[in-house]
$ cat coords.cif   # mmCIF, C-alpha atoms (C1' of nucleotides)
data_run
#
loop_
_atom_site.label_atom_id
_atom_site.label_comp_id
_atom_site.auth_asym_id
_atom_site.auth_seq_id
_atom_site.Cartn_x
_atom_site.Cartn_y
_atom_site.Cartn_z
CA MET A 138 0.00 0.00 0.00
CA ASN A 139 1.15 3.46 -0.85
CA GLU A 140 -1.06 4.55 1.98
CA THR A 141 1.49 3.46 4.54
CA ARG A 142 4.32 4.99 2.61
CA ASP A 143 2.52 8.30 2.38
CA ARG A 144 1.66 8.27 6.05
CA ILE A 145 5.28 7.64 6.91
CA LEU A 146 6.31 10.59 4.80
CA ASP A 147 3.72 12.88 6.34
CA VAL A 148 4.56 11.82 9.86
CA ALA A 149 8.29 12.01 9.20
CA LEU A 150 7.93 15.62 8.15
CA ASP A 151 6.09 16.29 11.35
CA VAL A 152 8.45 14.45 13.64
CA LEU A 153 11.58 15.80 12.01
CA GLY A 154 10.05 19.27 12.09
CA GLN A 155 9.96 19.03 15.86
CA ASN A 156 13.33 17.33 16.19
CA PRO A 157 15.62 17.12 13.16
CA ASP A 158 17.68 14.48 14.96
CA ALA A 159 14.79 12.07 15.38
CA GLY A 160 15.69 8.53 14.35
CA MET A 161 13.94 6.04 12.13
CA GLY A 162 12.50 4.44 15.25
CA ASP A 163 10.87 7.68 16.37
CA ILE A 164 9.36 8.19 12.94
CA ALA A 165 8.13 4.61 12.82
CA SER A 166 6.35 4.71 16.15
CA ALA A 167 4.83 8.08 15.36
CA ALA A 168 3.47 6.56 12.17
CA GLY A 169 2.05 3.63 14.13
CA VAL A 170 4.32 1.22 12.40
CA VAL A 171 7.42 -0.82 13.18
CA ARG A 172 10.90 0.39 12.37
CA ARG A 173 11.42 -2.48 10.00
CA THR A 174 8.47 -1.35 7.91
CA VAL A 175 9.97 2.06 7.36
CA TYR A 176 13.10 0.42 6.01
CA GLY A 177 10.82 -1.56 3.73
CA HIS A 178 9.76 1.65 2.00
CA PHE A 179 12.95 3.66 2.38
CA PRO A 180 16.17 1.63 2.26
CA SER A 181 18.02 4.28 4.22
CA ARG A 182 17.44 7.41 6.18
CA LEU A 183 18.88 9.41 3.34
CA ASP A 184 16.25 8.00 0.98
CA LEU A 185 13.54 9.24 3.28
CA VAL A 186 15.03 12.70 3.55
CA ARG A 187 15.62 12.84 -0.17
CA THR A 188 12.03 11.93 -0.95
CA LEU A 189 10.85 14.58 1.46
CA THR A 190 13.10 17.13 -0.18
CA GLU A 191 11.90 16.23 -3.65
CA ARG A 192 8.36 16.73 -2.50
CA ALA A 193 9.27 20.14 -1.13
CA VAL A 194 11.03 21.18 -4.31
CA THR A 195 8.05 20.16 -6.41
CA GLU A 196 5.59 22.13 -4.32
CA MET A 197 7.80 25.16 -4.02
CA THR A 198 8.79 25.47 -7.65
CA ALA A 199 5.13 25.09 -8.59
CA VAL A 200 4.18 28.07 -6.45
CA LEU A 201 7.24 30.04 -7.46
CA THR A 202 6.88 29.66 -11.22
CA GLU A 203 3.17 30.31 -11.08
CA VAL A 204 3.60 33.50 -9.09
CA ASN A 205 6.51 34.55 -11.25
CA ALA A 206 4.34 34.34 -14.34
CA SER A 207 1.96 37.00 -13.07
CA GLY A 208 4.21 39.70 -14.50
CA ALA A 209 3.78 41.96 -11.48
CA GLU A 210 6.55 44.07 -10.02
CA ALA A 211 9.25 42.14 -8.17
CA ASP A 212 8.26 43.35 -4.71
CA ALA A 213 4.61 42.48 -5.27
CA THR A 214 5.66 39.12 -6.65
CA TRP A 215 7.80 38.46 -3.60
CA ALA A 216 4.96 39.40 -1.26
CA GLU A 217 2.55 37.08 -3.01
CA PHE A 218 5.16 34.40 -3.13
CA ILE A 219 5.78 34.48 0.62
CA ALA A 220 2.08 34.56 1.37
CA ARG A 221 1.40 31.52 -0.79
CA LEU A 222 4.56 29.73 0.15
CA TRP A 223 4.10 30.22 3.85
CA PRO A 224 2.20 27.02 4.67
CA VAL A 225 4.57 25.00 2.52
CA ALA A 226 7.69 26.58 3.98
CA HIS A 227 6.38 26.07 7.47
CA ARG A 228 5.66 22.44 6.77
CA TYR A 229 9.08 21.80 5.33
CA ARG A 230 10.99 24.02 7.72
CA VAL A 231 13.00 21.03 8.86
CA LEU A 232 14.93 21.12 5.60
CA LEU A 233 16.62 24.30 6.73
CA ALA A 234 18.00 22.50 9.76
CA LEU A 235 18.83 19.41 7.74
CA ARG A 236 20.86 21.46 5.29
CA ARG A 237 23.64 21.61 7.82
CA GLY A 238 24.91 18.21 8.71
CA GLU A 239 25.02 14.78 7.23
CA TYR A 240 22.62 15.22 4.35
CA GLY A 241 23.47 18.84 3.68
CA GLU A 242 25.03 18.21 0.33
CA ALA A 243 22.22 16.04 -1.01
CA ILE A 244 19.55 18.49 0.12
CA HIS A 245 21.47 21.46 -1.14
CA GLY A 246 21.71 19.86 -4.54
CA LEU A 247 18.00 19.17 -4.75
CA LEU A 248 17.09 22.60 -3.49
CA GLY A 249 19.28 24.21 -6.13
CA PRO A 250 16.46 24.99 -8.58
CA VAL A 251 14.47 26.75 -5.89
CA ASP A 252 17.49 28.82 -4.91
CA GLU A 253 17.97 29.82 -8.51
CA LEU A 254 14.40 30.91 -9.00
CA LEU A 255 14.61 32.96 -5.84
CA ALA A 256 17.87 34.57 -6.87
CA ASP A 257 16.42 35.40 -10.27
CA LEU A 258 13.45 37.08 -8.70
CA VAL A 259 15.64 39.15 -6.41
CA LYS A 260 17.91 40.03 -9.32
CA ARG A 261 14.90 41.25 -11.25
CA GLY A 262 13.93 43.42 -8.31
CA GLN A 263 17.41 44.84 -8.05
CA ASP A 264 17.56 45.61 -11.76
CA SER A 265 14.28 47.50 -11.61
CA ASP A 266 15.46 49.34 -8.49
CA VAL A 267 12.80 48.11 -6.11
CA PHE A 268 15.24 45.98 -4.12
CA ALA A 269 18.41 47.10 -2.37
CA GLN A 270 21.77 46.28 -3.87
CA HIS A 271 24.05 46.15 -0.86
CA LEU A 272 24.32 42.38 -1.31
CA PRO A 273 24.53 40.21 -4.44
CA ALA A 274 21.20 38.70 -5.46
CA GLY A 275 22.26 35.16 -4.64
CA ILE A 276 23.08 35.97 -1.05
CA LEU A 277 20.36 38.52 -0.46
CA SER A 278 17.73 36.04 -1.56
CA GLN A 279 19.13 33.38 0.76
CA VAL A 280 19.27 35.70 3.73
CA ALA A 281 15.73 36.96 3.13
CA TYR A 282 14.53 33.42 2.64
CA GLY A 283 16.35 32.34 5.78
CA ALA A 284 14.58 35.03 7.75
CA VAL A 285 11.24 33.69 6.55
CA PHE A 286 12.14 30.24 7.80
CA ALA A 287 13.46 31.64 11.05
CA ILE A 288 10.10 33.27 11.67
CA ALA A 289 8.38 30.04 10.68
CA ASP A 290 10.41 28.37 13.40
CA SER A 291 9.50 30.93 16.03
CA ASP A 292 6.43 31.09 18.19
CA LEU A 293 4.20 32.96 15.75
CA SER A 294 4.34 30.19 13.23
CA ASN A 295 0.61 29.54 13.60
CA GLY A 296 -2.10 31.39 11.75
CA THR A 297 -1.65 34.10 9.16
CA LEU A 298 0.06 36.36 11.68
CA GLY A 299 3.36 34.63 10.99
CA ALA A 300 2.88 34.91 7.25
CA ARG A 301 2.31 38.63 7.52
CA ALA A 302 5.32 39.13 9.76
CA ALA A 303 7.49 37.09 7.44
CA THR A 304 6.32 39.02 4.39
CA ILE A 305 6.98 42.40 5.96
CA THR A 306 10.34 41.42 7.43
CA SER A 307 11.65 39.89 4.23
CA LEU A 308 10.47 42.86 2.16
CA LEU A 309 12.18 45.22 4.56
CA MET A 310 15.49 43.46 4.30
CA LEU A 311 15.15 43.45 0.54
CA GLY A 312 15.16 47.22 0.78
CA VAL A 313 11.46 47.88 0.26
CA PRO A 314 10.32 50.96 2.24
CA GLU A 315 8.23 50.20 5.31
CA THR A 316 5.03 51.81 4.07
CA ARG A 317 5.18 49.93 0.79
CA ALA A 318 6.02 46.68 2.59
CA ILE A 319 3.02 47.02 4.87
CA ALA A 320 0.78 47.86 1.94
CA LEU A 321 1.95 44.81 0.02
CA ALA A 322 1.48 42.56 3.03
CA GLY A 323 -1.90 44.04 3.68
CA ASP A 324 -3.67 43.01 0.51
CA GLN A 325 -2.88 39.38 1.05
CA PRO A 326 -5.63 37.82 3.13
CA MET B 610 49.32 23.88 32.13
CA ASN B 611 46.54 26.28 31.25
CA GLU B 612 48.31 26.65 27.96
CA THR B 613 46.98 23.31 26.74
CA ARG B 614 43.53 24.00 28.05
CA ASP B 615 43.38 27.35 26.28
CA ARG B 616 44.62 25.87 23.05
CA ILE B 617 41.96 23.20 23.23
CA LEU B 618 39.31 25.85 23.69
CA ASP B 619 40.58 27.95 20.80
CA VAL B 620 40.87 24.99 18.49
CA ALA B 621 37.49 23.62 19.54
CA LEU B 622 35.85 26.88 18.54
CA ASP B 623 37.52 26.63 15.20
CA VAL B 624 36.75 22.98 14.55
CA LEU B 625 33.18 23.22 15.75
CA GLY B 626 32.74 26.36 13.68
CA GLN B 627 33.48 24.31 10.59
CA ASN B 628 31.49 21.28 11.70
CA PRO B 629 29.22 21.54 14.74
CA ASP B 630 29.05 17.74 14.85
CA ALA B 631 32.79 17.27 15.29
CA GLY B 632 33.64 14.90 18.09
CA MET B 633 36.07 15.12 20.97
CA GLY B 634 38.52 13.13 18.91
CA ASP B 635 38.48 15.64 16.07
CA ILE B 636 39.04 18.49 18.47
CA ALA B 637 41.86 16.63 20.19
CA SER B 638 43.78 15.89 17.02
CA ALA B 639 43.28 19.41 15.75
CA ALA B 640 44.77 20.66 19.01
CA GLY B 641 47.71 18.27 18.60
CA VAL B 642 46.74 16.34 21.65
CA VAL B 643 45.23 12.98 22.52
CA ARG B 644 41.52 12.53 23.15
CA ARG B 645 42.21 11.45 26.69
CA THR B 646 43.87 14.77 27.42
CA VAL B 647 40.79 16.72 26.39
CA TYR B 648 38.75 14.71 28.87
CA GLY B 649 41.39 15.60 31.45
CA HIS B 650 40.44 19.25 31.12
CA PHE B 651 36.77 18.91 30.29
CA PRO B 652 35.00 15.97 31.93
CA SER B 653 32.37 15.91 29.21
CA ARG B 654 31.57 17.40 25.85
CA LEU B 655 28.94 19.53 27.49
CA ASP B 656 31.56 21.05 29.79
CA LEU B 657 33.58 22.10 26.78
CA VAL B 658 30.61 23.64 25.02
CA ARG B 659 29.49 25.34 28.21
CA THR B 660 32.90 26.88 28.76
CA LEU B 661 32.91 28.10 25.19
CA THR B 662 29.47 29.60 25.63
CA GLU B 663 30.45 31.34 28.85
CA ARG B 664 33.37 32.87 27.05
CA ALA B 665 31.08 34.11 24.30
CA VAL B 666 28.58 35.56 26.74
CA THR B 667 31.32 37.41 28.58
CA GLU B 668 32.70 38.97 25.43
CA MET B 669 29.34 39.83 23.96
CA THR B 670 27.80 41.37 27.04
CA ALA B 671 30.95 43.43 27.48
CA VAL B 672 30.56 44.92 24.02
CA LEU B 673 26.82 45.26 24.34
CA THR B 674 26.76 47.06 27.67
CA GLU B 675 29.61 49.33 26.66
CA VAL B 676 27.91 50.33 23.43
CA ASN B 677 24.59 50.68 25.17
CA ALA B 678 26.07 53.18 27.59
CA SER B 679 26.93 55.63 24.82
CA GLY B 680 23.41 57.10 25.00
CA ALA B 681 23.10 57.35 21.23
CA GLU B 682 19.89 56.70 19.33
CA ALA B 683 18.87 53.03 19.14
CA ASP B 684 19.62 52.65 15.43
CA ALA B 685 23.08 54.16 15.80
CA THR B 686 23.70 51.98 18.82
CA TRP B 687 22.67 48.91 16.88
CA ALA B 688 24.95 49.81 14.00
CA GLU B 689 27.91 50.29 16.29
CA PHE B 690 27.03 47.15 18.14
CA ILE B 691 27.02 45.00 15.01
CA ALA B 692 30.24 46.54 13.77
CA ARG B 693 32.02 45.84 17.02
CA LEU B 694 30.38 42.52 17.62
CA TRP B 695 31.08 41.23 14.16
CA PRO B 696 34.44 39.52 14.80
CA VAL B 697 33.15 38.01 18.01
CA ALA B 698 29.91 36.79 16.46
CA HIS B 699 31.76 35.32 13.56
CA ARG B 700 34.12 33.50 15.87
CA TYR B 701 31.33 32.08 17.97
CA ARG B 702 28.90 31.46 15.12
CA VAL B 703 28.88 27.77 16.00
CA LEU B 704 26.73 28.54 19.02
CA LEU B 705 23.83 29.36 16.71
CA ALA B 706 24.01 25.86 15.26
CA LEU B 707 24.56 24.30 18.66
CA ARG B 708 21.44 25.96 20.02
CA ARG B 709 19.38 23.36 18.23
CA GLY B 710 20.12 19.87 19.37
CA GLU B 711 21.55 18.21 22.39
CA TYR B 712 22.98 21.19 24.24
CA GLY B 713 20.31 23.61 23.11
CA GLU B 714 18.82 24.11 26.51
CA ALA B 715 22.13 24.69 28.28
CA ILE B 716 23.32 27.16 25.67
CA HIS B 717 20.00 28.93 25.54
CA GLY B 718 20.13 29.40 29.27
CA LEU B 719 23.60 30.89 29.22
CA LEU B 720 22.81 33.10 26.24
CA GLY B 721 19.74 34.44 27.98
CA PRO B 722 21.36 37.65 29.24
CA VAL B 723 22.57 38.52 25.76
CA ASP B 724 19.11 37.94 24.33
CA GLU B 725 17.66 40.20 26.97
CA LEU B 726 20.07 43.03 26.28
CA LEU B 727 19.32 42.75 22.58
CA ALA B 728 15.58 42.73 23.14
CA ASP B 729 15.88 45.76 25.39
CA LEU B 730 17.79 47.66 22.76
CA VAL B 731 15.21 46.84 20.10
CA LYS B 732 12.41 47.76 22.48
CA ARG B 733 14.05 51.12 23.06
CA GLY B 734 14.22 51.64 19.31
CA GLN B 735 10.58 50.75 18.90
CA ASP B 736 9.52 53.07 21.71
CA SER B 737 11.37 55.98 20.13
CA ASP B 738 9.89 55.10 16.73
CA VAL B 739 13.14 54.40 14.91
CA PHE B 740 12.45 50.66 14.67
CA ALA B 741 9.45 48.98 13.09
CA GLN B 742 6.77 47.47 15.29
CA HIS B 743 5.35 44.71 13.14
CA LEU B 744 6.97 42.14 15.44
CA PRO B 745 7.42 42.10 19.23
CA ALA B 746 10.86 43.23 20.35
CA GLY B 747 11.88 39.81 21.59
CA ILE B 748 11.31 38.15 18.25
CA LEU B 749 12.42 41.02 16.06
CA SER B 750 15.75 41.16 17.85
CA GLN B 751 16.24 37.43 17.43
CA VAL B 752 15.40 37.50 13.75
CA ALA B 753 17.69 40.46 13.10
CA TYR B 754 20.41 38.82 15.13
CA GLY B 755 19.88 35.58 13.27
CA ALA B 756 20.32 37.37 9.97
CA VAL B 757 23.65 38.72 11.17
CA PHE B 758 24.82 35.20 11.97
CA ALA B 759 23.48 33.90 8.68
CA ILE B 760 25.61 36.42 6.85
CA ALA B 761 28.54 35.49 9.06
CA ASP B 762 28.05 31.93 7.89
CA SER B 763 27.90 32.88 4.22
CA ASP B 764 30.78 33.41 1.86
CA LEU B 765 31.38 37.07 2.68
CA SER B 766 32.28 36.30 6.25
CA ASN B 767 35.83 37.55 5.71
CA GLY B 768 36.92 41.15 5.91
CA THR B 769 34.80 44.14 6.83
CA LEU B 770 32.57 43.63 3.80
CA GLY B 771 30.54 41.10 5.73
CA ALA B 772 30.23 43.41 8.70
CA ARG B 773 28.89 46.19 6.52
CA ALA B 774 26.41 43.88 4.81
CA ALA B 775 25.26 42.54 8.15
CA THR B 776 24.82 46.02 9.59
CA ILE B 777 22.78 47.26 6.65
CA THR B 778 20.64 44.16 6.40
CA SER B 779 19.82 44.02 10.07
CA LEU B 780 19.02 47.73 10.17
CA LEU B 781 16.72 47.33 7.19
CA MET B 782 14.76 44.56 8.81
CA LEU B 783 14.50 46.61 11.96
CA GLY B 784 12.62 49.12 9.86
CA VAL B 785 15.36 51.72 9.41
CA PRO B 786 15.07 53.46 6.02
CA GLU B 787 17.66 52.46 3.48
CA THR B 788 19.40 55.83 3.25
CA ARG B 789 19.72 56.05 7.02
CA ALA B 790 20.93 52.45 7.23
CA ILE B 791 23.65 53.07 4.66
CA ALA B 792 24.68 56.26 6.41
CA LEU B 793 24.93 54.48 9.76
CA ALA B 794 26.90 51.63 8.25
CA GLY B 795 29.14 54.04 6.40
CA ASP B 796 30.72 55.81 9.35
CA GLN B 797 31.95 52.55 10.81
CA PRO B 798 35.32 51.76 9.30
"C1'" DG C 757 68.01 12.06 42.40
"C1'" DA C 758 63.28 11.99 43.82
"C1'" DT C 759 58.75 13.99 43.25
"C1'" DT C 760 55.11 16.00 41.05
"C1'" DC C 761 52.08 17.01 37.31
"C1'" DG C 762 50.40 16.88 32.81
"C1'" DT C 763 50.33 13.89 29.05
"C1'" DT C 764 50.04 9.57 26.60
"C1'" DG C 765 48.44 5.06 24.99
"C1'" DC C 766 45.87 1.53 25.64
"C1'" DA C 767 41.79 -1.21 26.85
"C1'" DC C 768 37.27 -1.25 28.20
"C1'" DA C 769 32.15 -0.67 28.86
"C1'" DC C 770 28.35 1.64 27.32
"C1'" DT C 771 25.01 4.01 24.38
"C1'" DG C 772 22.22 4.82 20.52
"C1'" DG C 773 21.55 4.69 16.11
"C1'" DT C 774 21.67 2.21 11.28
"C1'" DG C 775 20.73 -1.36 8.19
"C1'" DT C 776 19.86 -6.58 7.15
"C1'" DG C 777 17.89 -11.36 7.21
"C1'" DC C 778 14.30 -14.29 7.83
"C1'" DA C 779 10.28 -16.61 9.23
"C1'" DA C 780 5.72 -15.93 11.04
"C1'" DA C 781 1.52 -13.47 10.92
"C1'" DA C 782 -1.90 -10.48 9.07
"C1'" DA C 783 -4.27 -8.05 5.62
"C1'" DT C 784 -5.74 -7.77 0.71
"C1'" DG C 785 -8.27 -9.31 -2.98
"C1'" DA C 786 -9.12 -12.76 -6.77
"C1'" DT D 516 -10.54 -20.50 -0.01
"C1'" DC D 517 -6.15 -19.64 -1.89
"C1'" DA D 518 -2.41 -16.65 -3.25
"C1'" DT D 519 0.01 -12.48 -2.97
"C1'" DT D 520 1.62 -8.58 -0.66
"C1'" DT D 521 2.59 -6.13 3.37
"C1'" DT D 522 3.63 -5.83 7.94
"C1'" DT D 523 5.61 -7.62 12.08
"C1'" DG D 524 8.97 -9.27 15.52
"C1'" DC D 525 13.09 -10.71 16.48
"C1'" DA D 526 18.00 -11.33 16.06
"C1'" DC D 527 22.06 -9.79 14.39
"C1'" DA D 528 26.26 -7.18 12.84
"C1'" DC D 529 28.05 -2.88 12.64
"C1'" DC D 530 29.56 1.74 13.47
"C1'" DA D 531 30.79 6.01 15.75
"C1'" DG D 532 30.99 8.46 19.59
"C1'" DT D 533 31.32 9.06 24.80
"C1'" DG D 534 33.42 8.55 29.10
"C1'" DT D 535 36.56 5.78 32.45
"C1'" DG D 536 40.60 3.28 34.49
"C1'" DC D 537 45.22 2.66 34.83
"C1'" DA D 538 49.98 2.14 34.12
"C1'" DA D 539 53.77 4.23 31.86
"C1'" DC D 540 56.24 8.21 30.30
"C1'" DG D 541 58.56 12.94 30.23
"C1'" DA D 542 59.69 17.28 31.77
"C1'" DA D 543 59.98 20.59 35.06
"C1'" DT D 544 60.61 21.49 40.14
"C1'" DC D 545 62.44 20.88 44.71
#
$ encode --input "coords.cif" --output "structure tokens"
Amino acid sequence: MNETRDRILDVALDVLGQNPDAGMGDIASAAGVVRRTVYGHFPSRLDLVRTLTERAVTEMTAVLTEVNASGAEADATWAEFIARLWPVAHRYRVLLALRRGEYGEAIHGLLGPVDELLADLVKRGQDSDVFAQHLPAGILSQVAYGAVFAIADSDLSNGTLGARAATITSLLMLGVPETRAIALAGDQP
Amino acid sequence: MNETRDRILDVALDVLGQNPDAGMGDIASAAGVVRRTVYGHFPSRLDLVRTLTERAVTEMTAVLTEVNASGAEADATWAEFIARLWPVAHRYRVLLALRRGEYGEAIHGLLGPVDELLADLVKRGQDSDVFAQHLPAGILSQVAYGAVFAIADSDLSNGTLGARAATITSLLMLGVPETRAIALAGDQP
DNA sequence: GATTCGTTGCACACTGGTGTGCAAAAATGA
DNA sequence: TCATTTTTGCACACCAGTGTGCAACGAATC
């Protein structure tokens, strides 16, 4: 049954989200299954993490390309992107922690496309003078993105309050003036 | 000899900075000493990390209180703080990674005073309307601080370029207008 | 020269996690 | 009911890291 496999994946995301160092045993029991069964679906821990990451990349690039196609200004695009990405980012926040450590390289490789799309968006904003240029696009996008995840990890991660805070904060650090940032965050429900 | 002990501490900071999961053995060999010797000075890994953290807290609070006493506006204080803290923060950046995981609680406890001082400074800035208020001071300070460390972890961590980028970015996300942020970052060498 | 102190080099026990093999049991469904 | 697939429950080997015990060693000190 793929049902079991899917449940393991869902639960793993949850368990690892709370403790990135959780073992296969922890994930198994949380999924109401025996450790051996998990190994039946995922030959190694890395396989599990990789599958999770691939899922995340799929969902994120979908949102990102869709939003990118709207043709709006870069800052508006970013605001919409964060608002729509928020639930996804929050769900997959564990990947940020997992990027350091054992599987860092594998995850980093898979997340590459997302990083590129983000950097492109920031570059576009810089070229049209709506984003600050004190940092290269590649790094600025990562730092802004990191801040979003950091907020997702904090206490306000529940509800839309966190999404709003993340949108405003990331827009600010991208160099968008406060009034504009608040306006952009405001028209997202 | 305290000489050995000090060298172990220095090297440990370095080794752990590159890989937070490095073991006592790695630290020992990097210090040109045998694993058993490290245990002679630090009964457990936690003791080592704790000592490192205490060092960091001492250095950071020194800078923070000194800068705080200048009586300048909150944004100027923050700028000076980041500029002066930069080498220290970069050196102790491993503590950010170590906060999640095994020793998280211990480190968090020791770092408490620093967090408080930071939150107070941000609160002061919010009360005098130079910092944005879209997030509570406690969280805003952590996110801004986290961004500083994230930049310290990135490629530009060398030289004063990173310090400048960190100052500007953190000021931006605190709600300081871009022109003001650049001006504040500019008069720090 | 004897003593002291830090260091070394083992050996050891322990822990906690990973991944495998295999037979029995349970669910699925034809 | 029979056959297939999945799950289970052990047992096992393995690894990497932690922390300890102890005797031997070397250099400085008295």
$ atom_distance --input "coords.cif" --atom1 "CA of Gly169 in chain A" --atom2 "CA of His227 in chain A"
23.8 Å
$ interface_residues --input "coords.cif" --of "chain B" --to "chain D" --cutoff "9 Å" --atoms "all atoms listed in the file" --output "PyMOL selection string"
chain B and resi 632-634+648+652-654
$ interface_residues --input "coords.cif" --of "chain C" --to "chain A" --cutoff "9 Å" --atoms "only C-alpha atoms (C1' of nucleotides)" --output "PyMOL selection string"
chain C and resi 773-775
$ closest_residue --input "coords.cif" --among "B:Val672, B:Leu661, B:Leu694, B:Ala775" --to "chain A" --atoms "all atoms listed in the file"
B:Ala775
$ closest_atom_pairs --input "coords.cif" --of "chain A" --to "chain B" --cutoff "10 Å" --atoms "only C-alpha atoms" --output "Markdown table"
| residue | atom | partner | partner_atom | distance |
| --- | --- | --- | --- | --- |
| A:Asn156 | CA | B:Gly710 | CA | 7.9 |
| A:Pro157 | CA | B:Gly710 | CA | 8.1 |
| A:Asp158 | CA | B:Gly710 | CA | 7.4 |
| A:Ala234 | CA | B:Arg709 | CA | 8.6 |
| A:Arg237 | CA | B:Ala706 | CA | 8.6 |
| A:Gly238 | CA | B:Asp630 | CA | 7.4 |
| A:Glu239 | CA | B:Asp630 | CA | 9.1 |
| A:Ala269 | CA | B:Glu787 | CA | 8.0 |
| A:His271 | CA | B:Ala774 | CA | 6.5 |
| A:Leu272 | CA | B:Ala774 | CA | 6.6 |
| A:Ile276 | CA | B:Ser763 | CA | 7.8 |
| A:Leu277 | CA | B:Thr778 | CA | 8.9 |
| A:Gln279 | CA | B:Ala759 | CA | 9.1 |
| A:Val280 | CA | B:Ala756 | CA | 6.5 |
| A:Ala281 | CA | B:Ala756 | CA | 8.2 |
| A:Gly283 | CA | B:Ala756 | CA | 7.7 |
| A:Ala284 | CA | B:Val752 | CA | 6.5 |
| A:Val285 | CA | B:Val752 | CA | 9.1 |
| A:Phe286 | CA | B:Val752 | CA | 9.9 |
| A:Ala287 | CA | B:Val752 | CA | 6.7 |
| A:Ile288 | CA | B:Val752 | CA | 7.1 |
| A:Ser291 | CA | B:Ile748 | CA | 7.8 |
| A:Asp292 | CA | B:Ile748 | CA | 8.6 |
| A:Leu293 | CA | B:Ile748 | CA | 9.2 |
| A:Leu298 | CA | B:Leu744 | CA | 9.8 |
| A:Gly299 | CA | B:Leu744 | CA | 9.4 |
| A:Arg301 | CA | B:His743 | CA | 8.8 |
| A:Ala302 | CA | B:His743 | CA | 6.5 |
| A:Ala303 | CA | B:Leu744 | CA | 9.5 |
| A:Ile305 | CA | B:His743 | CA | 7.7 |
| A:Thr306 | CA | B:Met782 | CA | 5.6 |
| A:Ser307 | CA | B:Met782 | CA | 7.2 |
| A:Leu308 | CA | B:Met782 | CA | 8.1 |
| A:Leu309 | CA | B:Met782 | CA | 5.0 |
| A:Met310 | CA | B:Met782 | CA | 4.7 |
| A:Leu311 | CA | B:Leu781 | CA | 7.9 |
| A:Gly312 | CA | B:Glu787 | CA | 6.4 |
| A:Val313 | CA | B:Glu787 | CA | 8.4 |
| A:Pro314 | CA | B:Pro786 | CA | 6.6 |
| A:Glu315 | CA | B:Gly784 | CA | 6.4 |
| A:Thr316 | CA | B:Gly784 | CA | 9.9 |
| A:Ile319 | CA | B:His743 | CA | 8.9 |
$ atom_distance --input "coords.cif" --atom1 "CA of Ala772 in chain B" --atom2 "CA of Tyr701 in chain B"
14.7 Å
$ atom_distance --input "coords.cif" --atom1 "CA of Asn677 in chain B" --atom2 "CA of Ala698 in chain B"
17.2 Å
$ resolve_selection --input "coords.cif" --expression "the PyMOL selection byres ((chain A and resi 147) around 12)" --output "mmCIF file with C-alpha atoms, in the coordinates of the input"
data_model
loop_
_atom_site.group_PDB
_atom_site.id
_atom_site.type_symbol
_atom_site.label_atom_id
_atom_site.label_comp_id
_atom_site.auth_asym_id
_atom_site.auth_seq_id
_atom_site.Cartn_x
_atom_site.Cartn_y
_atom_site.Cartn_z
ATOM 1 C CA GLU A 140 -1.060 4.550 1.980
ATOM 2 C CA THR A 141 1.490 3.460 4.540
ATOM 3 C CA ARG A 142 4.320 4.990 2.610
ATOM 4 C CA ASP A 143 2.520 8.300 2.380
ATOM 5 C CA ARG A 144 1.660 8.270 6.050
ATOM 6 C CA ILE A 145 5.280 7.640 6.910
ATOM 7 C CA LEU A 146 6.310 10.590 4.800
ATOM 8 C CA VAL A 148 4.560 11.820 9.860
ATOM 9 C CA ALA A 149 8.290 12.010 9.200
ATOM 10 C CA LEU A 150 7.930 15.620 8.150
ATOM 11 C CA ASP A 151 6.090 16.290 11.350
ATOM 12 C CA VAL A 152 8.450 14.450 13.640
ATOM 13 C CA LEU A 153 11.580 15.800 12.010
ATOM 14 C CA GLY A 154 10.050 19.270 12.090
ATOM 15 C CA ILE A 164 9.360 8.190 12.940
ATOM 16 C CA ALA A 165 8.130 4.610 12.820
ATOM 17 C CA ALA A 167 4.830 8.080 15.360
ATOM 18 C CA ALA A 168 3.470 6.560 12.170
ATOM 19 C CA LEU A 185 13.540 9.240 3.280
ATOM 20 C CA VAL A 186 15.030 12.700 3.550
ATOM 21 C CA THR A 188 12.030 11.930 -0.950
ATOM 22 C CA LEU A 189 10.850 14.580 1.460
ATOM 23 C CA ARG A 192 8.360 16.730 -2.500
ATOM 24 C CA ALA A 193 9.270 20.140 -1.130
ATOM 25 C CA ARG A 228 5.660 22.440 6.770
ATOM 26 C CA TYR A 229 9.080 21.800 5.330
#
$ resolve_selection --input "coords.cif" --expression "the PyMOL selection byres ((chain C and resi 763) around 7)" --output "count of residues only"
3
